[in-house]
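Raw query.txt, compact mmCIF, C-alpha atoms:
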# COMPACT_ATOMS: atom_id res chain seq x y z
CA MET A 1 3.73 -42.81 -114.31
CA SER A 2 3.67 -39.50 -116.09
CA LEU A 3 6.38 -38.65 -118.57
CA ALA A 4 5.49 -34.96 -118.42
CA PRO A 5 8.32 -34.00 -116.02
CA LEU A 6 10.87 -35.66 -118.34
CA LEU A 7 9.49 -33.83 -121.37
CA TYR A 8 9.45 -30.56 -119.45
CA SER A 9 13.11 -30.99 -118.45
CA LYS A 10 14.11 -31.69 -122.05
CA LEU A 11 12.19 -28.69 -123.35
CA LEU A 12 13.93 -26.45 -120.81
CA GLU A 13 17.28 -27.93 -121.78
CA CYS A 14 16.52 -27.05 -125.41
CA ARG A 15 15.44 -23.55 -124.38
CA VAL A 16 11.85 -24.05 -125.57
CA PRO A 17 9.42 -21.73 -123.78
CA CYS A 18 7.16 -23.97 -121.72
CA GLU A 19 5.28 -24.41 -118.47
CA PHE A 20 4.54 -27.48 -116.39
CA GLN A 21 1.39 -27.57 -114.31
CA PHE A 22 0.35 -30.52 -112.16
CA TYR A 23 -3.29 -31.06 -111.28
CA GLY A 24 -4.40 -33.56 -108.68
CA ASP A 25 -2.49 -35.10 -105.80
CA LYS A 26 -1.42 -38.50 -104.47
CA ASP A 27 -5.00 -39.27 -103.42
CA HIS A 28 -6.70 -37.95 -106.56
CA GLU A 29 -4.95 -39.06 -109.71
CA LEU A 30 -6.35 -37.39 -112.79
CA GLY A 31 -6.37 -39.18 -116.12
CA HIS A 32 -4.59 -38.02 -119.25
CA VAL A 33 -7.62 -36.17 -120.61
CA PHE A 34 -9.20 -34.98 -117.34
CA HIS A 35 -9.45 -31.47 -118.77
CA LEU A 36 -12.08 -32.63 -121.29
CA ASN A 37 -14.67 -33.18 -118.54
CA MET A 38 -16.44 -29.83 -118.62
CA LYS A 39 -18.42 -30.76 -115.50
CA SER A 40 -15.19 -30.81 -113.51
CA GLU A 41 -14.08 -27.67 -111.70
CA ILE A 42 -10.40 -28.61 -112.00
CA ALA A 43 -10.85 -29.13 -115.74
CA ALA A 44 -12.08 -25.55 -116.08
CA VAL A 45 -9.09 -24.28 -114.10
CA CYS A 46 -6.72 -26.28 -116.32
CA ASN A 47 -8.34 -25.08 -119.55
CA ASP A 48 -8.26 -21.45 -118.44
CA ALA A 49 -4.56 -21.79 -117.59
CA GLN A 50 -3.85 -23.42 -120.94
CA CYS A 51 -5.65 -20.65 -122.84
CA GLU A 52 -3.76 -17.99 -120.89
CA SER A 53 -0.49 -19.71 -121.73
CA PHE A 54 -1.30 -19.69 -125.46
CA ARG A 55 -2.24 -15.99 -125.32
CA LYS A 56 1.37 -15.17 -124.41
CA PHE A 57 2.34 -16.07 -127.98
CA LEU A 58 -0.18 -13.76 -129.68

Would you write out, as structure tokens, the structure that this file holds?
Amino acid sequence: MSLAPLLYSKLLECRVPCEFQFYGDKDHELGHVFHLNMKSEIAAVCNDAQCESFRKFL
């Protein structure tokens, strides 16, 4: 069970700028560090989204 939705809710409650993205589905559960597998297409998508999110603060 992922705690990410709970953390996201709390961050929103505290007015912390944040985003929640979910990768995978009920048939394809991705592990905690799936984005580190550079051979994975979905990892590249996740990393690009994460970099774009950080650029908003520059």

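Nearest residue to His28 of chain A, choosing from A:Glu13, A:Ile42, A:Gln50, A:Pro5 and counting all atoms listed in the file: A:Ile42.
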
Taking 3 positions as the minimum chain separation for residues in the same chain, which residues sit within 12 Å of Cys18 of chain A when counting all atoms listed in the file? Answer as number ranges by chain.
A: 4-5, 7-15, 21, 50, 53-54, 56-57

For atom CA of Tyr23 of chain A and atom CA of Cys46 of chain A, the interatomic separation in Å (one decimal):
7.7 Å

I'd like the interatomic distance between atom CA of Asp27 of chain A and atom CA of Cys51 of chain A, to a tenth of an Å.
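We find that atom CA of Asp27 of chain A and atom CA of Cys51 of chain A lie 26.9 Å from each other.
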
When you draw a straight line from atom CA of Glu52 of chain A to atom CA of Phe22 of chain A, how long is it in Å?
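These two atoms are separated by 15.8 Å.
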
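If all atoms listed in the file are the atoms counted, then among A:Leu36, A:Ala49, A:Ala43, A:Leu58 the closest residue to Gly24 of chain A is A:Ala43.
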
Segment 14-29 of chain A dumped to file, all heavy atoms, as a short mmCIF file (atom, residue, chain, number, x, y, z; two decimals), in the first residue's frame:
data_model
loop_
_atom_site.label_atom_id
_atom_site.label_comp_id
_atom_site.auth_asym_id
_atom_site.auth_seq_id
_atom_site.Cartn_x
_atom_site.Cartn_y
_atom_site.Cartn_z
N CYS A 14 -1.47 21.70 4.11
CA CYS A 14 -0.50 22.67 4.62
C CYS A 14 -0.10 23.71 3.58
O CYS A 14 0.81 24.50 3.81
CB CYS A 14 0.74 21.92 5.13
SG CYS A 14 0.41 20.86 6.54
N ARG A 15 -0.77 23.69 2.45
CA ARG A 15 -0.55 24.64 1.37
C ARG A 15 0.87 24.59 0.80
O ARG A 15 1.44 25.62 0.41
CB ARG A 15 -0.92 26.05 1.81
CG ARG A 15 -2.31 26.11 2.42
CD ARG A 15 -2.75 27.47 2.73
NE ARG A 15 -3.73 27.79 1.69
CZ ARG A 15 -4.04 28.98 1.28
NH1 ARG A 15 -3.47 30.01 1.81
NH2 ARG A 15 -4.92 29.16 0.34
N VAL A 16 1.43 23.40 0.74
CA VAL A 16 2.75 23.18 0.15
C VAL A 16 2.55 22.87 -1.33
O VAL A 16 1.77 21.97 -1.68
CB VAL A 16 3.47 22.00 0.84
CG1 VAL A 16 4.79 21.69 0.15
CG2 VAL A 16 3.68 22.29 2.31
N PRO A 17 3.19 23.62 -2.22
CA PRO A 17 3.06 23.32 -3.65
C PRO A 17 3.55 21.90 -3.94
O PRO A 17 4.66 21.53 -3.56
CB PRO A 17 3.96 24.34 -4.33
CG PRO A 17 4.27 25.36 -3.31
CD PRO A 17 4.10 24.72 -1.98
N CYS A 18 2.70 21.10 -4.56
CA CYS A 18 3.07 19.72 -4.83
C CYS A 18 2.22 19.14 -5.95
O CYS A 18 1.21 19.73 -6.34
CB CYS A 18 2.93 18.85 -3.58
SG CYS A 18 1.27 18.85 -2.90
N GLU A 19 2.66 18.02 -6.46
CA GLU A 19 1.93 17.28 -7.49
C GLU A 19 1.96 15.82 -7.10
O GLU A 19 2.90 15.36 -6.46
CB GLU A 19 2.62 17.42 -8.85
CG GLU A 19 2.62 18.80 -9.41
CD GLU A 19 3.33 18.86 -10.76
OE1 GLU A 19 3.38 17.83 -11.46
OE2 GLU A 19 3.85 19.93 -11.07
N PHE A 20 0.94 15.09 -7.49
CA PHE A 20 0.91 13.65 -7.28
C PHE A 20 0.69 12.99 -8.63
O PHE A 20 -0.28 13.29 -9.31
CB PHE A 20 -0.19 13.25 -6.31
CG PHE A 20 -0.34 11.76 -6.14
CD1 PHE A 20 0.62 11.04 -5.45
CD2 PHE A 20 -1.41 11.09 -6.69
CE1 PHE A 20 0.50 9.67 -5.29
CE2 PHE A 20 -1.53 9.72 -6.55
CZ PHE A 20 -0.58 9.00 -5.84
N GLN A 21 1.62 12.14 -9.02
CA GLN A 21 1.50 11.41 -10.27
C GLN A 21 1.53 9.92 -9.94
O GLN A 21 2.34 9.49 -9.13
CB GLN A 21 2.67 11.73 -11.20
CG GLN A 21 2.78 13.18 -11.57
CD GLN A 21 1.66 13.66 -12.46
OE1 GLN A 21 1.14 12.92 -13.27
NE2 GLN A 21 1.29 14.91 -12.30
N PHE A 22 0.66 9.16 -10.56
CA PHE A 22 0.63 7.72 -10.35
C PHE A 22 1.03 7.04 -11.65
O PHE A 22 0.51 7.37 -12.71
CB PHE A 22 -0.78 7.26 -9.94
CG PHE A 22 -0.88 5.78 -9.74
CD1 PHE A 22 -0.45 5.21 -8.56
CD2 PHE A 22 -1.37 4.96 -10.75
CE1 PHE A 22 -0.53 3.84 -8.37
CE2 PHE A 22 -1.46 3.60 -10.57
CZ PHE A 22 -1.03 3.04 -9.38
N TYR A 23 1.97 6.12 -11.56
CA TYR A 23 2.43 5.37 -12.72
C TYR A 23 2.14 3.89 -12.48
O TYR A 23 2.35 3.39 -11.40
CB TYR A 23 3.93 5.59 -12.94
CG TYR A 23 4.27 7.03 -13.24
CD1 TYR A 23 4.56 7.92 -12.21
CD2 TYR A 23 4.24 7.51 -14.53
CE1 TYR A 23 4.84 9.25 -12.49
CE2 TYR A 23 4.52 8.84 -14.82
CZ TYR A 23 4.82 9.70 -13.78
OH TYR A 23 5.09 11.01 -14.06
N GLY A 24 1.65 3.24 -13.49
CA GLY A 24 1.27 1.84 -13.36
C GLY A 24 -0.24 1.71 -13.29
O GLY A 24 -0.98 2.68 -13.45
N ASP A 25 -0.71 0.52 -13.03
CA ASP A 25 -2.14 0.27 -12.88
C ASP A 25 -2.33 -0.98 -12.03
O ASP A 25 -1.36 -1.52 -11.50
CB ASP A 25 -2.83 0.12 -14.25
CG ASP A 25 -2.23 -0.98 -15.10
OD1 ASP A 25 -1.84 -2.03 -14.54
OD2 ASP A 25 -2.14 -0.80 -16.33
N LYS A 26 -3.56 -1.43 -11.88
CA LYS A 26 -3.82 -2.56 -10.99
C LYS A 26 -3.13 -3.84 -11.45
O LYS A 26 -2.84 -4.72 -10.65
CB LYS A 26 -5.32 -2.80 -10.83
CG LYS A 26 -6.03 -3.22 -12.09
CD LYS A 26 -7.51 -3.42 -11.84
CE LYS A 26 -8.15 -3.79 -13.17
NZ LYS A 26 -8.93 -4.96 -13.12
N ASP A 27 -2.85 -3.95 -12.73
CA ASP A 27 -2.19 -5.14 -13.27
C ASP A 27 -0.67 -5.01 -13.35
O ASP A 27 0.03 -5.99 -13.53
CB ASP A 27 -2.73 -5.46 -14.67
CG ASP A 27 -4.21 -5.79 -14.66
OD1 ASP A 27 -4.66 -6.43 -13.68
OD2 ASP A 27 -4.91 -5.39 -15.60
N HIS A 28 -0.17 -3.80 -13.23
CA HIS A 28 1.27 -3.55 -13.35
C HIS A 28 1.73 -2.64 -12.22
O HIS A 28 1.85 -1.42 -12.39
CB HIS A 28 1.59 -2.90 -14.70
CG HIS A 28 1.17 -3.72 -15.87
ND1 HIS A 28 -0.04 -3.54 -16.49
CD2 HIS A 28 1.77 -4.75 -16.49
CE1 HIS A 28 -0.15 -4.43 -17.47
NE2 HIS A 28 0.93 -5.17 -17.48
N GLU A 29 1.98 -3.24 -11.07
CA GLU A 29 2.43 -2.46 -9.93
C GLU A 29 3.91 -2.15 -10.08
O GLU A 29 4.72 -3.04 -10.36
CB GLU A 29 2.20 -3.24 -8.64
CG GLU A 29 2.53 -2.44 -7.41
CD GLU A 29 2.19 -3.17 -6.13
OE1 GLU A 29 1.22 -3.97 -6.14
OE2 GLU A 29 2.89 -2.95 -5.14
#
